[in-house]
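With mmCIF, C-alpha atoms and all ligand atoms inside, this is input.cif:
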```cif
data_target
loop_
_atom_site.label_atom_id
_atom_site.label_comp_id
_atom_site.auth_asym_id
_atom_site.auth_seq_id
_atom_site.Cartn_x
_atom_site.Cartn_y
_atom_site.Cartn_z
CA MET A 1 -11.73 16.07 -6.08
CA THR A 2 -9.78 12.84 -6.51
CA TYR A 3 -7.51 11.53 -3.78
CA LYS A 4 -4.84 9.08 -4.91
CA LEU A 5 -3.09 6.54 -2.70
CA LEU A 6 -0.02 4.56 -3.78
CA PHE A 7 1.17 1.53 -1.76
CA VAL A 8 4.83 0.62 -2.23
CA CYS A 9 6.93 -2.44 -1.31
CA LEU A 10 9.99 -4.07 -2.89
CA GLY A 11 8.58 -6.49 -5.48
CA ASN A 12 4.98 -5.27 -5.84
CA ILE A 13 3.78 -8.87 -5.71
CA CYS A 14 3.10 -9.45 -1.98
CA ARG A 15 2.57 -6.55 0.47
CA SER A 16 1.66 -3.59 -1.73
CA PRO A 17 -0.89 -5.35 -3.99
CA ALA A 18 -2.45 -6.80 -0.82
CA ALA A 19 -2.59 -3.28 0.69
CA GLU A 20 -4.12 -1.84 -2.50
CA ASN A 21 -6.83 -4.50 -2.70
CA ILE A 22 -7.63 -4.46 1.03
CA MET A 23 -7.95 -0.67 0.93
CA GLU A 24 -10.26 -0.83 -2.11
CA HIS A 25 -12.36 -3.44 -0.31
CA LEU A 26 -12.68 -1.33 2.86
CA ILE A 27 -13.48 1.81 0.85
CA GLU A 28 -16.22 -0.02 -1.04
CA GLN A 29 -17.69 -1.40 2.19
CA ALA A 30 -17.43 1.66 4.38
CA LEU A 31 -17.74 4.83 2.31
CA SER A 32 -20.60 6.35 0.37
CA ASP A 33 -20.59 5.51 -3.34
CA ARG A 34 -19.91 9.08 -4.36
CA PHE A 35 -16.93 9.51 -2.01
CA ALA A 36 -15.59 5.99 -2.74
CA LYS A 37 -15.46 6.83 -6.45
CA SER A 38 -13.23 9.82 -5.74
CA ILE A 39 -10.48 7.69 -4.16
CA VAL A 40 -7.95 5.88 -6.35
CA CYS A 41 -5.64 3.11 -5.07
CA ASP A 42 -2.59 1.75 -6.87
CA SER A 43 0.64 -0.05 -5.93
CA ALA A 44 4.24 -0.27 -7.10
CA GLY A 45 7.59 -1.81 -6.18
CA THR A 46 10.91 -0.07 -5.64
CA SER A 47 12.62 -2.89 -7.59
CA SER A 48 12.21 -4.05 -11.18
CA TYR A 49 12.40 -7.77 -10.22
CA HIS A 50 8.80 -8.74 -10.95
CA ILE A 51 7.53 -6.15 -13.47
CA GLY A 52 4.41 -7.49 -15.18
CA SER A 53 3.83 -10.32 -12.67
CA SER A 54 0.54 -11.09 -10.94
CA PRO A 55 0.37 -11.01 -7.13
CA ASP A 56 2.26 -13.84 -5.39
CA ARG A 57 0.13 -17.03 -5.09
CA ARG A 58 0.79 -17.35 -1.35
CA MET A 59 -0.30 -13.74 -0.75
CA SER A 60 -3.42 -14.20 -2.88
CA ALA A 61 -4.34 -17.44 -1.08
CA THR A 62 -3.95 -15.77 2.33
CA ALA A 63 -6.06 -12.74 1.32
CA ALA A 64 -8.75 -15.07 -0.03
CA LYS A 65 -8.75 -17.25 3.09
CA LYS A 66 -8.66 -14.49 5.70
CA LEU A 67 -10.72 -11.78 3.98
CA GLY A 68 -12.48 -13.42 1.05
CA ILE A 69 -10.92 -11.02 -1.44
CA LYS A 70 -9.19 -11.65 -4.76
CA LEU A 71 -5.96 -9.78 -5.45
CA HIS A 72 -5.70 -8.18 -8.88
CA GLY A 73 -3.00 -6.16 -10.60
CA ARG A 74 0.32 -6.46 -12.36
CA ALA A 75 3.62 -5.43 -10.80
CA ARG A 76 5.21 -2.17 -11.89
CA GLN A 77 8.18 -0.18 -10.65
CA PHE A 78 7.83 3.05 -8.69
CA GLN A 79 8.77 6.00 -10.90
CA LYS A 80 9.54 9.65 -10.27
CA SER A 81 6.27 10.81 -11.85
CA ASP A 82 4.40 8.99 -9.04
CA PHE A 83 5.41 11.82 -6.70
CA GLN A 84 3.26 14.21 -8.70
CA ASP A 85 0.54 11.74 -9.59
CA PHE A 86 -0.30 10.59 -6.04
CA ASP A 87 -1.40 12.43 -2.91
CA LEU A 88 -0.12 9.86 -0.41
CA ILE A 89 2.65 7.28 -0.89
CA LEU A 90 2.73 4.48 1.69
CA ALA A 91 5.96 2.54 2.13
CA MET A 92 5.78 -0.92 3.69
CA ASP A 93 9.20 -0.81 5.38
CA GLN A 94 12.15 1.47 6.06
CA ASP A 95 14.13 0.23 3.04
CA ASN A 96 11.22 1.01 0.70
CA TYR A 97 10.81 4.41 2.40
CA GLN A 98 14.49 5.30 1.93
CA ASP A 99 14.54 4.02 -1.67
CA ILE A 100 11.53 6.20 -2.53
CA LEU A 101 13.12 9.27 -0.96
CA LEU A 102 16.34 8.68 -2.95
CA LEU A 103 14.31 9.55 -6.05
CA ASP A 104 13.40 12.93 -4.54
CA PRO A 105 16.81 14.46 -3.75
CA THR A 106 15.43 17.94 -3.09
CA GLY A 107 12.86 16.62 -0.62
CA GLN A 108 9.96 18.45 -2.24
CA TYR A 109 7.65 15.43 -1.97
CA LYS A 110 8.83 14.11 1.41
CA LYS A 111 5.57 15.04 3.13
CA LYS A 112 3.63 12.73 0.80
CA VAL A 113 5.68 9.68 1.78
CA ARG A 114 4.73 7.82 4.97
CA LEU A 115 5.29 4.43 6.55
CA MET A 116 2.21 2.22 6.33
CA CYS A 117 2.43 1.18 10.00
CA GLU A 118 2.03 4.80 11.15
CA PHE A 119 -1.66 4.19 10.51
CA CYS A 120 -1.91 1.07 12.70
CA SER A 121 -3.74 1.37 15.99
CA LYS A 122 -3.81 -2.26 17.18
CA HIS A 123 -0.29 -3.36 16.23
CA THR A 124 2.97 -1.85 17.43
CA LEU A 125 5.29 -3.09 14.66
CA LYS A 126 6.82 -0.19 12.73
CA GLU A 127 7.16 -2.02 9.41
CA VAL A 128 5.22 -4.58 7.38
CA PRO A 129 7.81 -7.41 7.27
CA ASP A 130 8.82 -8.85 3.90
CA PRO A 131 7.12 -12.30 3.75
CA TYR A 132 8.71 -13.51 0.49
CA TYR A 133 11.30 -15.95 1.82
CA GLY A 134 9.32 -17.07 4.87
CA GLY A 135 6.38 -19.34 5.68
CA SER A 136 2.64 -18.92 5.93
CA GLU A 137 2.84 -17.15 9.29
CA GLY A 138 4.50 -14.18 7.58
CA PHE A 139 1.69 -13.89 5.03
CA ASN A 140 -0.93 -14.03 7.80
CA GLN A 141 0.91 -11.31 9.69
CA VAL A 142 1.02 -9.11 6.57
CA ILE A 143 -2.77 -9.32 6.22
CA ASP A 144 -3.35 -8.52 9.91
CA LEU A 145 -1.05 -5.49 9.80
CA LEU A 146 -2.51 -4.22 6.53
CA VAL A 147 -6.11 -4.46 7.74
CA ASP A 148 -5.16 -2.46 10.84
CA ALA A 149 -3.29 0.19 8.82
CA CYS A 150 -5.99 0.41 6.12
CA GLU A 151 -8.64 0.98 8.79
CA GLY A 152 -6.52 3.82 10.16
CA LEU A 153 -6.12 5.24 6.67
CA LEU A 154 -9.86 5.04 6.15
CA THR A 155 -10.38 7.13 9.29
CA SER A 156 -8.04 9.83 7.95
CA LEU A 157 -9.78 9.76 4.58
CA ARG A 158 -13.13 10.35 6.27
CA SER A 159 -11.89 13.76 7.40
CA LEU A 160 -11.46 14.65 3.71
CA GLU A 161 -15.10 13.89 3.03
CA GLU A 162 -16.09 16.79 5.22
CA CYS A 163 -13.95 19.22 3.16
P1 LIG B 1 7.02 -7.67 -1.68
O1 LIG B 1 7.78 -9.07 -1.46
O2 LIG B 1 8.07 -6.59 -1.64
O3 LIG B 1 6.07 -7.59 -0.53
O4 LIG B 1 6.35 -7.80 -3.04
C1 LIG B 1 8.90 -9.46 -2.17
C2 LIG B 1 8.77 -10.00 -3.43
C3 LIG B 1 9.90 -10.43 -4.11
C4 LIG B 1 11.15 -10.31 -3.54
C5 LIG B 1 11.28 -9.76 -2.28
C6 LIG B 1 10.15 -9.32 -1.59
N1 LIG B 1 12.29 -10.78 -4.25
O5 LIG B 1 13.40 -10.69 -3.68
O6 LIG B 1 12.19 -11.24 -5.39
#
```
Rewrite the structure from the file as structure tokens, please.
Ligand code: 4NP
Amino acid sequence: MTYKLLFVCLGNICRSPAAENIMEHLIEQALSDRFAKSIVCDSAGTSSYHIGSSPDRRMSATAAKKLGIKLHGRARQFQKSDFQDFDLILAMDQDNYQDILLLDPTGQYKKKVRLMCEFCSKHTLKEVPDPYYGGSEGFNQVIDLLVDACEGLLTSLRSLEEC
């Protein structure tokens, strides 16, 4: 069995690549090799603004400083086929969530789409705020929220291991 997770934000250069790489890091650290290999993480943006770009330098620097991880990947746009290709689609904020659902007018994939912050247990914010036009505090907050949510996601993945 393969379980596929897709993290989605607006530009796919700040929040969602950070989420993808943090999740991969936690999976590698916390799960057995065999189970870890069965989980796939990817990310995408609802916009086409930054297609082909590397993760934002400020986001990469914050991930390196706070977690010691390097962000990899190139931005791509979310596409309709992602609904079939992924088991769980995690939107960073309400706008991303609504924009994803607009591509599924019949609602057949709605159950696969969730807000990332639903998986937080330490933070009460309902969205991962867009850090792009702000200062370093926003990038730090993104990392803190994503670590919390990714830990929650990891707990729900563990229940799959028993299946
Ligand atoms: P992200 O951040 O959605 O977390 O990748 C943004 C990146 C770029 C823009 C907005 C948000 N932009 O407007 O170009």
Near ligand LIG 1 (chain B), 9 Å: chain A residue rows, closest pairs, only C-alpha atoms and all ligand atoms, as a tab-separated table:
```
residue	atom	partner	partner_atom	distance
A:Val8	CA	B:LIG1	O2	7.9
A:Cys9	CA	B:LIG1	O2	4.3
A:Leu10	CA	B:LIG1	O2	3.4
A:Gly11	CA	B:LIG1	O4	3.6
A:Asn12	CA	B:LIG1	O4	4.0
A:Ile13	CA	B:LIG1	O4	3.9
A:Cys14	CA	B:LIG1	O3	3.8
A:Arg15	CA	B:LIG1	O3	3.8
A:Ser16	CA	B:LIG1	O3	6.1
A:Pro17	CA	B:LIG1	O4	7.7
A:Ala18	CA	B:LIG1	O3	8.6
A:Ala44	CA	B:LIG1	O4	8.8
A:Gly45	CA	B:LIG1	O2	6.6
A:Thr46	CA	B:LIG1	O2	8.2
A:Ser47	CA	B:LIG1	O2	8.4
A:Tyr49	CA	B:LIG1	O6	6.0
A:His50	CA	B:LIG1	O6	7.0
A:Pro55	CA	B:LIG1	O4	7.9
A:Asp56	CA	B:LIG1	O4	7.7
A:Met59	CA	B:LIG1	O3	8.9
A:Ala75	CA	B:LIG1	O4	8.6
A:Met92	CA	B:LIG1	O3	7.9
A:Asn96	CA	B:LIG1	O2	8.6
A:Val128	CA	B:LIG1	O3	8.5
A:Pro129	CA	B:LIG1	O3	8.0
A:Asp130	CA	B:LIG1	O3	5.4
A:Pro131	CA	B:LIG1	O1	6.2
A:Tyr132	CA	B:LIG1	C1	4.8
A:Tyr133	CA	B:LIG1	C5	7.4
A:Val142	CA	B:LIG1	O3	8.8
```
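Residues in contact range of Gln29 of chain A, defined as at most 12 Å between all atoms listed in the file, with sequence neighbours fewer than 6 positions away removed, read Ile22, Met23, Phe35, Ala36, Glu151 and Leu154 of chain A.
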Q: May I ask which of the residues A:Glu20, A:Asp104, A:Glu161, A:Glu137 is the closest one to Met116 of chain A, counting all atoms listed in the file?
A: A:Glu20
Q | For atom CA of Lys37 of chain A and atom CA of Ser81 of chain A, the interatomic separation in Å (one decimal) | A | 22.7 Å
Q | Shortest interatomic distance to Leu26 of chain A - which of A:Gly135, A:Leu67, A:Cys117, A:Ala61, counting all atoms listed in the file | A | A:Leu67
Q. Can you tell me how far atom CA of Gly52 of chain A sits from atom CA of Asp148 of chain A, in Å to one decimal?
A. 28.2 Å
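Atom CA of Val40 of chain A is found 14.8 Å from atom CA of Ser156 of chain A.
Comparing the minimum interatomic distances between Arg74 of chain A and each of A:Pro105, A:Asp87, A:Ser43, A:Asn21, counting only C-alpha atoms, we find that A:Ser43 sits nearest.
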Q.
List as a count of residues only the residues having at least one atom at most 10 Å from position (-4.6, 17.8, -2.7) as given in the file, counting all atoms listed in the file.
A. 8
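Minimum atom-to-atom distances from A:Ser38, A:Gln77, A:Gln84, A:Gln94 to Glu24 of chain A were compared using all atoms listed in the file, and the lowest value belongs to A:Ser38.
For the residues A:Ile100, A:Ile143, A:Ala149, A:Ala91, ranking by smallest atom-to-atom distance to His123 of chain A using all atoms listed in the file places A:Ala149 first.
Restricting the calculation to all atoms listed in the file, the smallest distance between Val147 of chain A and any of A:Lys126, A:Ser53, A:Lys66, A:Gln79 is found for A:Lys66.
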Atom completion result for segment 17-30 of chain A (N, CA, C and O atoms) as a tab-separated table (two decimals), in the frame of the given file:
```tsv
chain	number	residue	atom	x	y	z
A	17	PRO	N	0.40	-5.03	-3.34
A	17	PRO	CA	-0.89	-5.35	-3.99
A	17	PRO	C	-1.94	-5.77	-2.96
A	17	PRO	O	-3.13	-5.48	-3.13
A	18	ALA	N	-1.49	-6.43	-1.88
A	18	ALA	CA	-2.45	-6.80	-0.82
A	18	ALA	C	-3.01	-5.52	-0.20
A	18	ALA	O	-4.23	-5.39	-0.01
A	19	ALA	N	-2.14	-4.56	0.10
A	19	ALA	CA	-2.59	-3.28	0.69
A	19	ALA	C	-3.59	-2.58	-0.24
A	19	ALA	O	-4.64	-2.10	0.20
A	20	GLU	N	-3.25	-2.52	-1.51
A	20	GLU	CA	-4.12	-1.84	-2.50
A	20	GLU	C	-5.51	-2.49	-2.52
A	20	GLU	O	-6.53	-1.79	-2.47
A	21	ASN	N	-5.53	-3.80	-2.58
A	21	ASN	CA	-6.83	-4.50	-2.70
A	21	ASN	C	-7.62	-4.48	-1.40
A	21	ASN	O	-8.85	-4.40	-1.42
A	22	ILE	N	-6.93	-4.54	-0.27
A	22	ILE	CA	-7.63	-4.46	1.03
A	22	ILE	C	-8.24	-3.06	1.18
A	22	ILE	O	-9.39	-2.90	1.59
A	23	MET	N	-7.45	-2.04	0.80
A	23	MET	CA	-7.95	-0.67	0.93
A	23	MET	C	-9.17	-0.46	0.03
A	23	MET	O	-10.17	0.13	0.46
A	24	GLU	N	-9.10	-0.96	-1.19
A	24	GLU	CA	-10.26	-0.83	-2.11
A	24	GLU	C	-11.49	-1.52	-1.52
A	24	GLU	O	-12.60	-0.99	-1.60
A	25	HIS	N	-11.27	-2.68	-0.91
A	25	HIS	CA	-12.36	-3.44	-0.31
A	25	HIS	C	-12.99	-2.65	0.86
A	25	HIS	O	-14.22	-2.53	0.94
A	26	LEU	N	-12.15	-2.09	1.71
A	26	LEU	CA	-12.68	-1.33	2.86
A	26	LEU	C	-13.41	-0.07	2.39
A	26	LEU	O	-14.47	0.28	2.92
A	27	ILE	N	-12.86	0.59	1.38
A	27	ILE	CA	-13.48	1.81	0.85
A	27	ILE	C	-14.87	1.48	0.30
A	27	ILE	O	-15.85	2.18	0.59
A	28	GLU	N	-14.94	0.40	-0.44
A	28	GLU	CA	-16.22	-0.02	-1.04
A	28	GLU	C	-17.26	-0.35	0.04
A	28	GLU	O	-18.43	-0.02	-0.07
A	29	GLN	N	-16.77	-0.99	1.11
A	29	GLN	CA	-17.69	-1.40	2.19
A	29	GLN	C	-18.13	-0.24	3.06
A	29	GLN	O	-19.26	-0.22	3.53
A	30	ALA	N	-17.19	0.71	3.30
A	30	ALA	CA	-17.43	1.66	4.38
A	30	ALA	C	-17.80	3.08	3.95
A	30	ALA	O	-18.34	3.84	4.74
```
